[in-house]
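Structure data follow from upload27.cif (mmCIF, C-alpha atoms and all ligand atoms):
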```cif
data_input
loop_
_atom_site.label_atom_id
_atom_site.label_comp_id
_atom_site.auth_asym_id
_atom_site.auth_seq_id
_atom_site.Cartn_x
_atom_site.Cartn_y
_atom_site.Cartn_z
CA MET A 989 8.87 5.64 -18.53
CA LYS A 990 7.53 9.17 -18.43
CA ASP A 991 3.79 9.73 -18.48
CA ASN A 992 2.05 12.56 -20.34
CA TYR A 993 2.80 14.98 -17.51
CA GLY A 994 6.53 14.25 -17.32
CA ARG A 995 6.33 12.04 -14.24
CA ASN A 996 8.65 9.05 -14.16
CA ILE A 997 6.52 5.96 -13.52
CA ASP A 998 8.82 3.34 -12.04
CA TYR A 999 6.70 1.78 -9.28
CA LEU A 1000 3.98 -0.89 -9.53
CA ARG A 1001 1.71 -1.90 -6.66
CA ILE A 1002 0.43 -5.42 -7.17
CA SER A 1003 -2.56 -6.70 -5.24
CA ILE A 1004 -2.28 -10.48 -5.10
CA THR A 1005 -5.61 -11.09 -3.37
CA ASP A 1006 -8.81 -9.31 -2.39
CA ARG A 1007 -9.18 -11.63 0.63
CA CYS A 1008 -8.19 -10.62 4.13
CA ASN A 1009 -7.98 -12.06 7.62
CA LEU A 1010 -9.06 -8.74 9.18
CA ARG A 1011 -12.19 -6.67 8.58
CA CYS A 1012 -11.18 -3.01 8.87
CA GLY A 1013 -14.50 -1.27 8.34
CA TYR A 1014 -13.14 1.51 6.12
CA CYS A 1015 -11.49 -0.97 3.77
CA MET A 1016 -13.53 -4.17 3.82
CA PRO A 1017 -17.04 -3.36 5.01
CA LYS A 1018 -19.69 -6.02 5.59
CA GLY A 1019 -21.48 -7.42 2.55
CA ILE A 1020 -18.63 -6.89 0.10
CA ARG A 1021 -18.53 -9.24 -2.91
CA LEU A 1022 -15.14 -10.75 -3.57
CA ALA A 1023 -13.88 -11.87 -6.98
CA PRO A 1024 -14.32 -15.54 -7.88
CA MET A 1025 -11.02 -17.42 -7.61
CA HIS A 1026 -10.74 -17.99 -11.38
CA ASP A 1027 -10.67 -14.21 -11.84
CA ILE A 1028 -7.63 -13.82 -9.61
CA LEU A 1029 -4.32 -13.64 -11.47
CA THR A 1030 -2.14 -16.71 -11.03
CA TYR A 1031 1.43 -16.25 -9.80
CA GLU A 1032 2.67 -17.23 -13.28
CA GLU A 1033 0.56 -14.43 -14.78
CA ILE A 1034 1.85 -11.95 -12.19
CA GLU A 1035 5.44 -12.94 -12.93
CA LEU A 1036 4.91 -12.39 -16.66
CA ILE A 1037 3.38 -8.99 -15.92
CA CYS A 1038 6.40 -8.06 -13.79
CA LYS A 1039 8.79 -9.02 -16.59
CA ALA A 1040 6.81 -6.80 -18.96
CA ALA A 1041 6.67 -4.02 -16.37
CA VAL A 1042 10.48 -3.97 -16.14
CA LYS A 1043 10.60 -3.48 -19.90
CA ALA A 1044 8.23 -0.54 -19.49
CA GLY A 1045 10.57 1.07 -16.96
CA ILE A 1046 9.19 -0.24 -13.66
CA THR A 1047 11.96 -1.17 -11.23
CA LYS A 1048 10.18 -1.18 -7.85
CA PHE A 1049 7.33 -3.47 -6.86
CA LYS A 1050 5.03 -3.49 -3.85
CA ILE A 1051 3.04 -6.62 -3.00
CA THR A 1052 -0.25 -5.76 -1.36
CA GLY A 1053 -3.89 -6.86 -1.15
CA GLY A 1054 -6.30 -7.55 0.59
CA GLU A 1055 -3.87 -9.21 2.91
CA PRO A 1056 -1.07 -10.62 0.75
CA LEU A 1057 0.07 -13.12 3.37
CA VAL A 1058 -3.25 -15.00 3.34
CA ARG A 1059 -2.36 -16.18 -0.16
CA LEU A 1060 -0.13 -19.23 -0.02
CA GLY A 1061 3.21 -18.91 -1.75
CA CYS A 1062 3.63 -15.16 -1.27
CA PRO A 1063 7.32 -15.45 -0.20
CA GLU A 1064 8.14 -17.48 -3.33
CA LEU A 1065 6.44 -14.86 -5.48
CA VAL A 1066 8.61 -12.20 -3.82
CA GLY A 1067 11.68 -14.28 -4.72
CA LYS A 1068 10.57 -14.71 -8.34
CA ILE A 1069 9.96 -10.99 -8.82
CA ARG A 1070 13.17 -10.06 -6.98
CA SER A 1071 15.23 -12.21 -9.34
CA ILE A 1072 13.94 -10.60 -12.55
CA PRO A 1073 16.87 -8.64 -14.05
CA GLY A 1074 16.19 -4.91 -13.68
CA VAL A 1075 14.16 -5.17 -10.47
CA SER A 1076 15.70 -2.99 -7.77
CA GLN A 1077 13.22 -3.46 -4.95
CA VAL A 1078 10.35 -5.69 -3.81
CA THR A 1079 8.48 -4.62 -0.69
CA LEU A 1080 5.32 -5.77 1.05
CA THR A 1081 2.38 -4.08 2.74
CA THR A 1082 0.74 -6.28 5.37
CA ASN A 1083 -1.51 -6.08 8.38
CA GLY A 1084 1.23 -8.00 10.19
CA VAL A 1085 -0.93 -10.80 11.59
CA LEU A 1086 0.90 -13.52 9.63
CA LEU A 1087 4.19 -11.69 9.22
CA GLY A 1088 5.87 -13.43 12.14
CA LYS A 1089 5.10 -16.77 10.52
CA TYR A 1090 6.49 -15.83 7.08
CA LEU A 1091 9.21 -13.32 7.96
CA ASP A 1092 12.21 -15.63 7.54
CA GLU A 1093 10.92 -16.99 4.23
CA LEU A 1094 10.20 -13.50 2.94
CA MET A 1095 13.68 -12.31 3.86
CA GLU A 1096 15.32 -15.40 2.37
CA ASN A 1097 13.47 -14.57 -0.85
CA GLY A 1098 14.95 -11.08 -0.92
CA LEU A 1099 12.18 -8.88 0.51
CA ASP A 1100 13.67 -5.39 0.79
CA ALA A 1101 11.31 -3.77 3.30
CA VAL A 1102 7.90 -4.08 4.88
CA ASN A 1103 5.03 -1.71 5.65
CA ILE A 1104 2.93 -2.89 8.58
CA SER A 1105 -0.49 -1.37 9.18
CA LEU A 1106 -1.35 -0.63 12.79
CA ASP A 1107 -4.04 1.91 13.67
CA THR A 1108 -4.04 1.43 17.43
CA LEU A 1109 -1.98 0.05 20.30
CA ASP A 1110 -5.06 -0.73 22.33
CA ARG A 1111 -6.41 -4.26 22.12
CA GLU A 1112 -10.06 -3.27 22.44
CA THR A 1113 -9.77 -0.50 19.84
CA PHE A 1114 -7.96 -2.93 17.53
CA ARG A 1115 -10.92 -5.27 17.85
CA LYS A 1116 -13.29 -2.41 17.12
CA ILE A 1117 -11.42 -1.32 13.98
CA THR A 1118 -10.48 -4.72 12.55
CA GLY A 1119 -13.14 -7.03 13.98
CA CYS A 1120 -10.36 -9.31 15.27
CA ASP A 1121 -8.26 -9.80 18.37
CA ASP A 1122 -4.82 -9.84 16.77
CA ALA A 1123 -3.16 -6.69 18.13
CA ASP A 1124 -0.51 -8.67 20.00
CA LYS A 1125 0.44 -10.66 16.90
CA VAL A 1126 0.94 -7.45 14.93
CA LYS A 1127 3.10 -5.90 17.65
CA GLU A 1128 5.16 -9.08 17.84
CA SER A 1129 5.64 -9.04 14.04
CA ILE A 1130 6.92 -5.47 14.25
CA ARG A 1131 9.34 -6.48 17.00
CA LEU A 1132 10.60 -9.46 15.01
CA ALA A 1133 11.03 -7.53 11.75
CA VAL A 1134 13.02 -4.85 13.60
CA GLU A 1135 15.10 -7.49 15.36
CA LYS A 1136 15.92 -9.08 12.00
CA LYS A 1137 16.86 -5.64 10.65
CA LEU A 1138 14.25 -5.56 7.90
CA PRO A 1139 13.39 -1.89 7.21
CA VAL A 1140 9.94 -1.27 8.71
CA LYS A 1141 7.35 1.42 8.15
CA ILE A 1142 4.19 1.51 10.23
CA ASN A 1143 1.07 2.77 8.46
CA THR A 1144 -1.58 4.37 10.64
CA VAL A 1145 -4.96 5.70 9.56
CA LEU A 1146 -6.57 7.86 12.24
CA GLN A 1147 -10.35 8.23 12.56
CA LYS A 1148 -12.04 10.89 14.66
CA GLY A 1149 -13.39 9.57 17.94
CA ILE A 1150 -11.97 6.10 17.40
CA ASN A 1151 -8.17 6.19 17.53
CA ASP A 1152 -7.18 9.84 16.95
CA HIS A 1153 -6.28 10.25 20.63
CA GLU A 1154 -3.47 7.74 20.08
CA TRP A 1155 -1.39 10.01 17.80
CA GLU A 1156 1.29 10.49 20.44
CA SER A 1157 1.68 6.86 21.51
CA LEU A 1158 1.69 5.70 17.90
CA ALA A 1159 4.32 8.32 16.98
CA GLU A 1160 6.42 7.14 19.91
CA LEU A 1161 6.84 3.74 18.28
CA ALA A 1162 9.50 5.59 16.27
CA LYS A 1163 11.20 6.58 19.50
CA GLU A 1164 11.49 3.06 20.81
CA ALA A 1165 12.56 1.39 17.56
CA PRO A 1166 14.15 2.41 14.24
CA VAL A 1167 10.84 2.39 12.37
CA ASP A 1168 9.12 5.13 10.40
CA VAL A 1169 5.58 5.82 11.59
CA ARG A 1170 3.36 7.25 8.84
CA PHE A 1171 0.02 8.90 9.41
CA ILE A 1172 -2.14 8.34 6.33
CA GLU A 1173 -5.17 10.53 5.75
CA MET A 1174 -8.32 8.51 5.21
CA MET A 1175 -9.12 8.63 1.49
CA PRO A 1176 -12.70 8.88 0.26
CA ILE A 1177 -12.56 5.48 -1.41
CA GLY A 1178 -15.31 2.96 -0.70
CA TYR A 1179 -16.49 3.04 2.90
CA GLY A 1180 -13.65 5.46 3.65
CA LYS A 1181 -15.99 8.16 2.32
CA GLN A 1182 -18.18 7.72 5.37
CA CYS A 1183 -15.40 7.81 7.95
CA GLU A 1184 -14.38 10.97 9.67
CA MET A 1185 -10.80 11.58 8.69
CA VAL A 1186 -8.10 13.33 10.66
CA SER A 1187 -5.93 15.89 8.92
CA GLY A 1188 -2.24 14.98 8.82
CA ASP A 1189 -1.42 18.66 9.28
CA ASP A 1190 -3.30 18.73 12.60
CA ILE A 1191 -1.24 15.79 13.84
CA ARG A 1192 1.96 17.42 12.60
CA GLN A 1193 1.12 20.61 14.49
CA LYS A 1194 0.36 18.72 17.69
CA LEU A 1195 3.67 16.88 17.41
CA LYS A 1196 5.49 20.15 16.76
CA GLU A 1197 3.98 21.62 19.94
CA LEU A 1198 5.09 18.59 21.90
CA PHE A 1199 8.50 18.36 20.20
CA PRO A 1200 9.45 21.91 19.15
CA ASN A 1201 12.75 20.67 17.70
CA MET A 1202 10.97 18.43 15.19
CA GLU A 1203 12.38 19.15 11.73
CA GLU A 1204 11.66 18.06 8.20
CA ASP A 1205 13.78 15.09 7.21
CA HIS A 1206 14.85 15.40 3.57
CA SER A 1207 16.53 11.99 3.29
CA VAL A 1208 14.91 9.47 0.96
CA HIS A 1209 12.70 7.00 2.85
CA GLY A 1210 11.13 4.94 0.08
CA ASN A 1211 8.98 5.31 -3.02
CA GLY A 1212 5.98 7.03 -1.60
CA PRO A 1213 4.65 10.55 -1.27
CA ALA A 1214 5.17 10.81 2.50
CA ILE A 1215 6.83 13.90 3.96
CA TYR A 1216 9.04 12.94 6.89
CA TYR A 1217 10.09 14.66 10.11
CA LYS A 1218 12.85 13.89 12.57
CA ILE A 1219 12.37 14.30 16.30
CA PRO A 1220 15.55 14.48 18.42
CA GLY A 1221 15.91 11.27 20.42
CA PHE A 1222 13.68 9.28 18.06
CA ARG A 1223 15.29 6.36 16.24
CA GLY A 1224 12.87 6.47 13.32
CA SER A 1225 11.05 9.28 11.52
CA ILE A 1226 7.42 10.41 11.43
CA GLY A 1227 5.82 10.56 7.99
CA PHE A 1228 2.62 12.11 6.69
CA ILE A 1229 0.73 10.94 3.64
CA ASN A 1230 -1.71 13.78 3.29
CA ALA A 1231 -3.62 12.68 0.20
CA ILE A 1232 -6.38 15.19 0.89
CA HIS A 1233 -4.65 18.16 2.53
CA GLY A 1234 -1.35 17.89 0.72
CA LYS A 1235 -2.04 16.81 -2.83
CA PHE A 1236 1.08 15.15 -4.23
CA CYS A 1237 -0.10 14.12 -7.70
CA ASP A 1238 2.73 16.01 -9.40
CA GLN A 1239 5.13 13.48 -7.86
CA CYS A 1240 3.04 10.37 -8.47
CA ASN A 1241 5.32 7.58 -9.67
CA ARG A 1242 2.99 4.59 -9.64
CA ILE A 1243 0.38 2.44 -11.28
CA ARG A 1244 -1.62 -0.31 -9.66
CA LEU A 1245 -2.58 -3.86 -10.64
CA THR A 1246 -5.68 -5.32 -9.01
CA ALA A 1247 -5.87 -8.96 -7.96
CA SER A 1248 -8.22 -9.63 -10.87
CA GLY A 1249 -5.84 -8.23 -13.44
CA GLU A 1250 -6.73 -4.60 -14.08
CA PHE A 1251 -4.15 -1.86 -14.34
CA LYS A 1252 -5.39 1.24 -12.54
CA PRO A 1253 -3.71 4.47 -13.57
CA CYS A 1254 -5.12 6.37 -10.56
CA LEU A 1255 -6.74 5.36 -7.25
CA CYS A 1256 -9.50 7.92 -7.61
CA TYR A 1257 -11.00 6.88 -10.94
CA GLY A 1258 -12.69 3.65 -11.97
CA GLU A 1259 -10.87 3.68 -15.30
CA HIS A 1260 -8.68 0.64 -15.85
CA VAL A 1261 -6.98 -1.41 -18.53
CA ASP A 1262 -7.60 -5.15 -18.35
CA VAL A 1263 -4.61 -7.42 -18.78
CA LYS A 1264 -5.93 -10.78 -17.54
CA GLN A 1265 -8.13 -11.66 -20.48
CA MET A 1266 -5.43 -10.75 -22.94
CA ILE A 1267 -2.91 -13.01 -21.19
CA ARG A 1268 -5.41 -15.86 -21.10
CA ASP A 1269 -6.28 -15.40 -24.77
CA MET A 1270 -2.58 -15.72 -25.61
CA ALA A 1271 -2.12 -19.09 -23.91
CA ASP A 1272 -0.47 -20.61 -27.00
CA GLU A 1273 1.93 -17.72 -27.69
CA SER A 1274 5.57 -17.68 -26.69
CA GLU A 1275 6.64 -15.98 -23.45
CA GLU A 1276 8.40 -13.23 -25.46
CA GLU A 1277 5.22 -12.47 -27.39
CA LYS A 1278 3.11 -12.38 -24.21
CA ILE A 1279 5.59 -10.03 -22.53
CA ALA A 1280 5.62 -7.75 -25.58
CA GLN A 1281 1.82 -7.50 -25.59
CA ILE A 1282 1.58 -6.96 -21.83
CA GLU A 1283 4.18 -4.20 -22.09
CA LYS A 1284 1.90 -2.39 -24.57
CA ILE A 1285 -0.95 -2.55 -22.03
CA ILE A 1286 1.30 -1.16 -19.29
CA VAL A 1287 2.41 1.68 -21.55
CA GLU A 1288 -1.26 2.44 -22.28
CA ALA A 1289 -2.09 2.48 -18.55
CA ILE A 1290 0.81 4.86 -17.88
CA GLN A 1291 -0.28 7.12 -20.73
CA ARG A 1292 -3.78 7.20 -19.30
CA LYS A 1293 -2.65 8.49 -15.92
CA PRO A 1294 -4.62 11.63 -15.15
CA GLN A 1295 -2.82 14.74 -13.96
CA ASN A 1296 -4.56 14.78 -10.57
CA HIS A 1297 -6.86 12.87 -8.29
CA CYS A 1298 -10.15 14.52 -7.37
CA PHE A 1299 -10.58 13.51 -3.72
CA GLU A 1300 -11.51 17.08 -2.83
CA SER A 1301 -14.58 17.06 -5.14
CA ARG A 1302 -16.23 13.79 -4.30
CA GLU A 1303 -18.82 13.90 -7.06
CA GLU A 1304 -15.98 13.42 -9.54
CA ILE A 1305 -14.64 10.24 -7.93
CA THR A 1306 -15.57 7.39 -10.27
CA GLU A 1307 -13.94 4.50 -8.36
CA ASP A 1308 -16.80 2.79 -6.54
CA ARG A 1309 -15.02 -0.28 -5.22
CA GLN A 1310 -13.66 -0.78 -1.72
CA MET A 1311 -9.95 -0.39 -0.98
CA VAL A 1312 -9.58 -4.12 -0.32
CA GLN A 1313 -10.77 -4.77 -3.89
CA ILE A 1314 -8.36 -2.27 -5.40
CA GLY A 1315 -5.24 -2.93 -3.37
CA GLY A 1316 -4.34 -0.07 -1.08
N1 LIG B 1401 -3.80 -5.76 4.30
C1 LIG B 1401 -2.63 -4.98 4.12
C2 LIG B 1401 -2.55 -3.89 5.16
O1 LIG B 1401 -3.51 -3.69 5.92
O2 LIG B 1401 -1.50 -3.25 5.21
C3 LIG B 1401 -2.48 -4.39 2.74
C4 LIG B 1401 -3.68 -3.81 2.07
S1 LIG B 1401 -4.40 -2.41 2.88
C5 LIG B 1401 -5.68 -2.01 1.74
C6 LIG B 1401 -3.13 -1.20 2.65
C7 LIG B 1401 -3.29 0.06 3.43
O3 LIG B 1401 -4.40 0.79 2.95
C8 LIG B 1401 -3.50 -0.12 4.93
O4 LIG B 1401 -2.50 0.61 5.62
C9 LIG B 1401 -4.85 0.51 5.18
O5 LIG B 1401 -4.94 1.12 6.42
C10 LIG B 1401 -4.95 1.49 4.04
N2 LIG B 1401 -6.30 1.92 3.69
C11 LIG B 1401 -7.38 1.16 3.46
N3 LIG B 1401 -8.44 1.92 3.15
C12 LIG B 1401 -8.01 3.21 3.17
C13 LIG B 1401 -8.62 4.48 2.95
N4 LIG B 1401 -9.90 4.59 2.60
N5 LIG B 1401 -7.84 5.58 3.06
C14 LIG B 1401 -6.54 5.50 3.41
N6 LIG B 1401 -5.91 4.34 3.63
C15 LIG B 1401 -6.64 3.21 3.52
FE1 LIG B 1402 -7.51 -6.15 5.45
FE2 LIG B 1402 -5.56 -4.34 5.18
FE3 LIG B 1402 -8.07 -3.78 4.46
FE4 LIG B 1402 -7.58 -4.05 7.02
S1 LIG B 1402 -6.69 -2.48 5.66
S2 LIG B 1402 -9.31 -4.98 5.89
S3 LIG B 1402 -6.01 -5.56 7.00
S4 LIG B 1402 -6.78 -5.26 3.53
#
```
What is this file in structure tokens?
Amino acid sequence: MKDNYGRNIDYLRISITDRCNLRCGYCMPKGIRLAPMHDILTYEEIELICKAAVKAGITKFKITGGEPLVRLGCPELVGKIRSIPGVSQVTLTTNGVLLGKYLDELMENGLDAVNISLDTLDRETFRKITGCDDADKVKESIRLAVEKKLPVKINTVLQKGINDHEWESLAELAKEAPVDVRFIEMMPIGYGKQCEMVSGDDIRQKLKELFPNMEEDHSVHGNGPAIYYKIPGFRGSIGFINAIHGKFCDQCNRIRLTASGEFKPCLCYGEHVDVKQMIRDMADESEEEKIAQIEKIIVEAIQRKPQNHCFESREEITEDRQMVQIGG
């Protein structure tokens, strides 16, 4: 459905857990308080929400977290959502550590594509960023997903002085394999506020100097706001999600659902519409009635979408949770 600014909202990002097997400092800093398990939506609740979301005009779903693959049963959930009439796409965002283990099951359940986060190719830097020694597992997951012909996007967040010198080697992953490599600007959410971000435009310029024939790629690559470029000889494209330096709110097509059942109209603001309590209060109602009521909540969340985020004026940001708690 259209929101109040004429944008077609057809994409829902669902966080299925706020737990994670990595500890990326900008997303899940030390001392963070996670939601008690009884506050986390059950898969049955998520499935009901997806059915209602389709009625409200959502056709594309992204499963995220936390790390979605640490929650048992994730592939089956993908299958359940994928089989709802009206759903055109179910994709997953993962850190890749467990992807090798679940890849076949995910694909058997109809997963359409995967985004794998990888900020560095260097084992020591990986350990520094994530607190874990799993770089090789992530690389192997990428290799396997490509081999099995699942569309792959690699998400990279660069930080000054930590991994920003790796822009070229990370971009070259798209030379070796048919994957899109996307540079995501660090957003001032949670601990991300304290990290020194790298401008996507700076990386684009450096790549242009190195590959003067790099050209904008206008073909459709997915649901997101990334702007893509093609480099001759590269099998995949290079994308930029410049949330700070290239505001794309006029094209925003999404709402978010947190693991504890809150619809978030915009990443930047704390405002949300709770759906969990309403579903639990309706335990004795029919499925049709529950879906009808959830749909109303989704419509309300869409209508509450603000025109713009306010990342450029930090004092206006009202979201004070960490990305792992929201679902990036
Ligand atoms: N665990 C999964 C993963 O790492 O892909 C899914 C959840 S994670 C929150 C999704 C994406 O959000 C990751 O690519 C991560 O790098 C990104 N992210 C986390 N905090 C961010 C921030 N402050 N700004 C920009 N991207 C961020
Ligand atoms: Fe976990 Fe993903 Fe956040 Fe890293 S970015 S801590 S892998 S949720």
Counting all atoms listed in the file, which residues of chain A fall within 7 Å of ligand LIG 1401 (chain B), and what is the closest atom pair for each with its distance in Å at one decimal, ordered by chain and rising number, as a tab-separated table?
```
residue	atom	partner	partner_atom	distance
A:Cys1008	CA	B:LIG1401	N1	6.6
A:Tyr1014	CA	B:LIG1401	N3	5.6
A:Cys1015	CA	B:LIG1401	N3	4.2
A:Thr1052	CA	B:LIG1401	C3	4.9
A:Gly1053	CA	B:LIG1401	C4	4.4
A:Gly1054	CA	B:LIG1401	C4	4.8
A:Glu1055	CA	B:LIG1401	N1	3.7
A:Pro1056	CA	B:LIG1401	N1	6.6
A:Thr1081	CA	B:LIG1401	O2	4.7
A:Thr1082	CA	B:LIG1401	O2	3.8
A:Asn1083	CA	B:LIG1401	O1	4.0
A:Asn1103	CA	B:LIG1401	O2	6.7
A:Ile1104	CA	B:LIG1401	O2	5.6
A:Ser1105	CA	B:LIG1401	O2	4.5
A:Asn1143	CA	B:LIG1401	O4	5.0
A:Thr1144	CA	B:LIG1401	O5	6.3
A:Val1145	CA	B:LIG1401	O5	5.6
A:Ile1172	CA	B:LIG1401	C14	6.0
A:Glu1173	CA	B:LIG1401	C14	5.7
A:Met1174	CA	B:LIG1401	N5	3.7
A:Met1175	CA	B:LIG1401	N5	3.7
A:Pro1176	CA	B:LIG1401	N4	5.6
A:Ile1177	CA	B:LIG1401	N4	4.9
A:Gly1178	CA	B:LIG1401	N4	6.5
A:Tyr1179	CA	B:LIG1401	N4	6.8
A:Gly1180	CA	B:LIG1401	N4	4.0
A:Met1311	CA	B:LIG1401	N3	5.0
A:Val1312	CA	B:LIG1401	C5	4.9
A:Gly1315	CA	B:LIG1401	C5	5.2
A:Gly1316	CA	B:LIG1401	C5	3.7
```
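The gap separating atom CA of A:Asp1124 from atom CA of A:Arg1111 is 7.7 Å, in Å to one decimal.
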Please provide as JSON, numbers by chain all residues within 7 Å of stretch 999-1001 of chain A, with the sequence filter that same-chain residues fewer than 6 positions apart are discarded (counting all atoms listed in the file). {"A": [1046, 1047, 1048, 1049, 1050, 1051, 1052, 1241, 1242, 1243, 1244, 1245]}
Using C-alpha atoms, can you export the residues from the last selection as a compact mmCIF listing (two decimals), in the coordinates of the input?
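Contents of out00.txt, freshly written:
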```
# COMPACT_ATOMS: atom_id res chain seq x y z
CA ILE A 1046 9.19 -0.24 -13.66
CA THR A 1047 11.96 -1.17 -11.23
CA LYS A 1048 10.18 -1.18 -7.85
CA PHE A 1049 7.33 -3.47 -6.86
CA LYS A 1050 5.03 -3.49 -3.85
CA ILE A 1051 3.04 -6.62 -3.00
CA THR A 1052 -0.25 -5.76 -1.36
CA ASN A 1241 5.32 7.58 -9.67
CA ARG A 1242 2.99 4.59 -9.64
CA ILE A 1243 0.38 2.44 -11.28
CA ARG A 1244 -1.62 -0.31 -9.66
CA LEU A 1245 -2.58 -3.86 -10.64
```
Which residue out of A:Val1126, A:Ile1285, A:Cys1254, A:Ala1023 has the minimum interatomic distance to ligand LIG 1402 (chain B) when all atoms listed in the file are used?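 Of A:Val1126, A:Ile1285, A:Cys1254, A:Ala1023, the one nearest ligand LIG 1402 (chain B) is A:Val1126, counting all atoms listed in the file.
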Once you count all atoms listed in the file, which residues end up no further than 9 Å from (8.1, 11.6, 4.5) in the file's frame, shown as a PyMOL selection string? chain A and resi 1168+1170+1204-1210+1212-1217+1225-1229
Atom FE2 of ligand LIG 1402 (chain B) and atom CA of A:Leu1080 are how many Å apart? 11.7 Å
Hey, which of A:Leu1065, A:Val1167, A:Leu1099, A:Leu1060 ends up closest to A:Cys1038? Count only C-alpha atoms.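 Among the listed residues, A:Leu1065 lies closest to A:Cys1038.
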So how far away is atom CA of A:Leu1106 from atom FE1 of ligand LIG 1402 (chain B), in Å? 11.1 Å
Which residue is closest to A:Ser1274? Choose from A:Leu1036, A:Ala1231, A:Ala1123, A:Leu1087 and count all atoms listed in the file.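 Of A:Leu1036, A:Ala1231, A:Ala1123, A:Leu1087, the one nearest A:Ser1274, counting all atoms listed in the file, is A:Leu1036.
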From A:Val1140, A:Ile1037, A:Ile1305, A:Val1085, residue lying nearest A:Val1263 [all atoms listed in the file]: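 Looking only at the distances to A:Val1263, the closest residue turns out to be A:Ile1037.
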With distances taken over all atoms listed in the file, which of A:Asp1121, A:Asp1189, A:Asp1110, A:Asp1006 is nearest to ligand LIG 1402 (chain B)?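 When distances to ligand LIG 1402 (chain B) are compared using all atoms listed in the file, the smallest one comes from A:Asp1006.
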Of the listed residues A:Ala1041, A:Ile1232, A:Ile1286, A:Leu1057, that which approaches ligand LIG 1402 (chain B) most closely, counting only C-alpha atoms and all ligand atoms: A:Leu1057
Tell me which protein, DNA and RNA residues are within 7 Å of A:Ser1129, counting all atoms listed in the file, leaving out same-chain ones fewer than 3 positions away, and put them as a list in words.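 Non-adjacent residues within range: Gly1084, Leu1087, Gly1088, Lys1125, Val1126, Leu1132 and Ala1133 of chain A.
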Quick one: residues within 12 Å of A:Arg1268, all atoms listed in the file counted, chain neighbours fewer than 2 positions away excluded, as number ranges by chain? A: 1026-1030, 1032-1033, 1036, 1249, 1262-1266, 1270-1273, 1278, 1281-1282
Output of the above residues as a compact mmCIF listing (two decimals), keeping the file's coordinate frame, restricted to C-alpha atoms:
```
# COMPACT_ATOMS: atom_id res chain seq x y z
CA HIS A 1026 -10.74 -17.99 -11.38
CA ASP A 1027 -10.67 -14.21 -11.84
CA ILE A 1028 -7.63 -13.82 -9.61
CA LEU A 1029 -4.32 -13.64 -11.47
CA THR A 1030 -2.14 -16.71 -11.03
CA GLU A 1032 2.67 -17.23 -13.28
CA GLU A 1033 0.56 -14.43 -14.78
CA LEU A 1036 4.91 -12.39 -16.66
CA GLY A 1249 -5.84 -8.23 -13.44
CA ASP A 1262 -7.60 -5.15 -18.35
CA VAL A 1263 -4.61 -7.42 -18.78
CA LYS A 1264 -5.93 -10.78 -17.54
CA GLN A 1265 -8.13 -11.66 -20.48
CA MET A 1266 -5.43 -10.75 -22.94
CA MET A 1270 -2.58 -15.72 -25.61
CA ALA A 1271 -2.12 -19.09 -23.91
CA ASP A 1272 -0.47 -20.61 -27.00
CA GLU A 1273 1.93 -17.72 -27.69
CA LYS A 1278 3.11 -12.38 -24.21
CA GLN A 1281 1.82 -7.50 -25.59
CA ILE A 1282 1.58 -6.96 -21.83
```
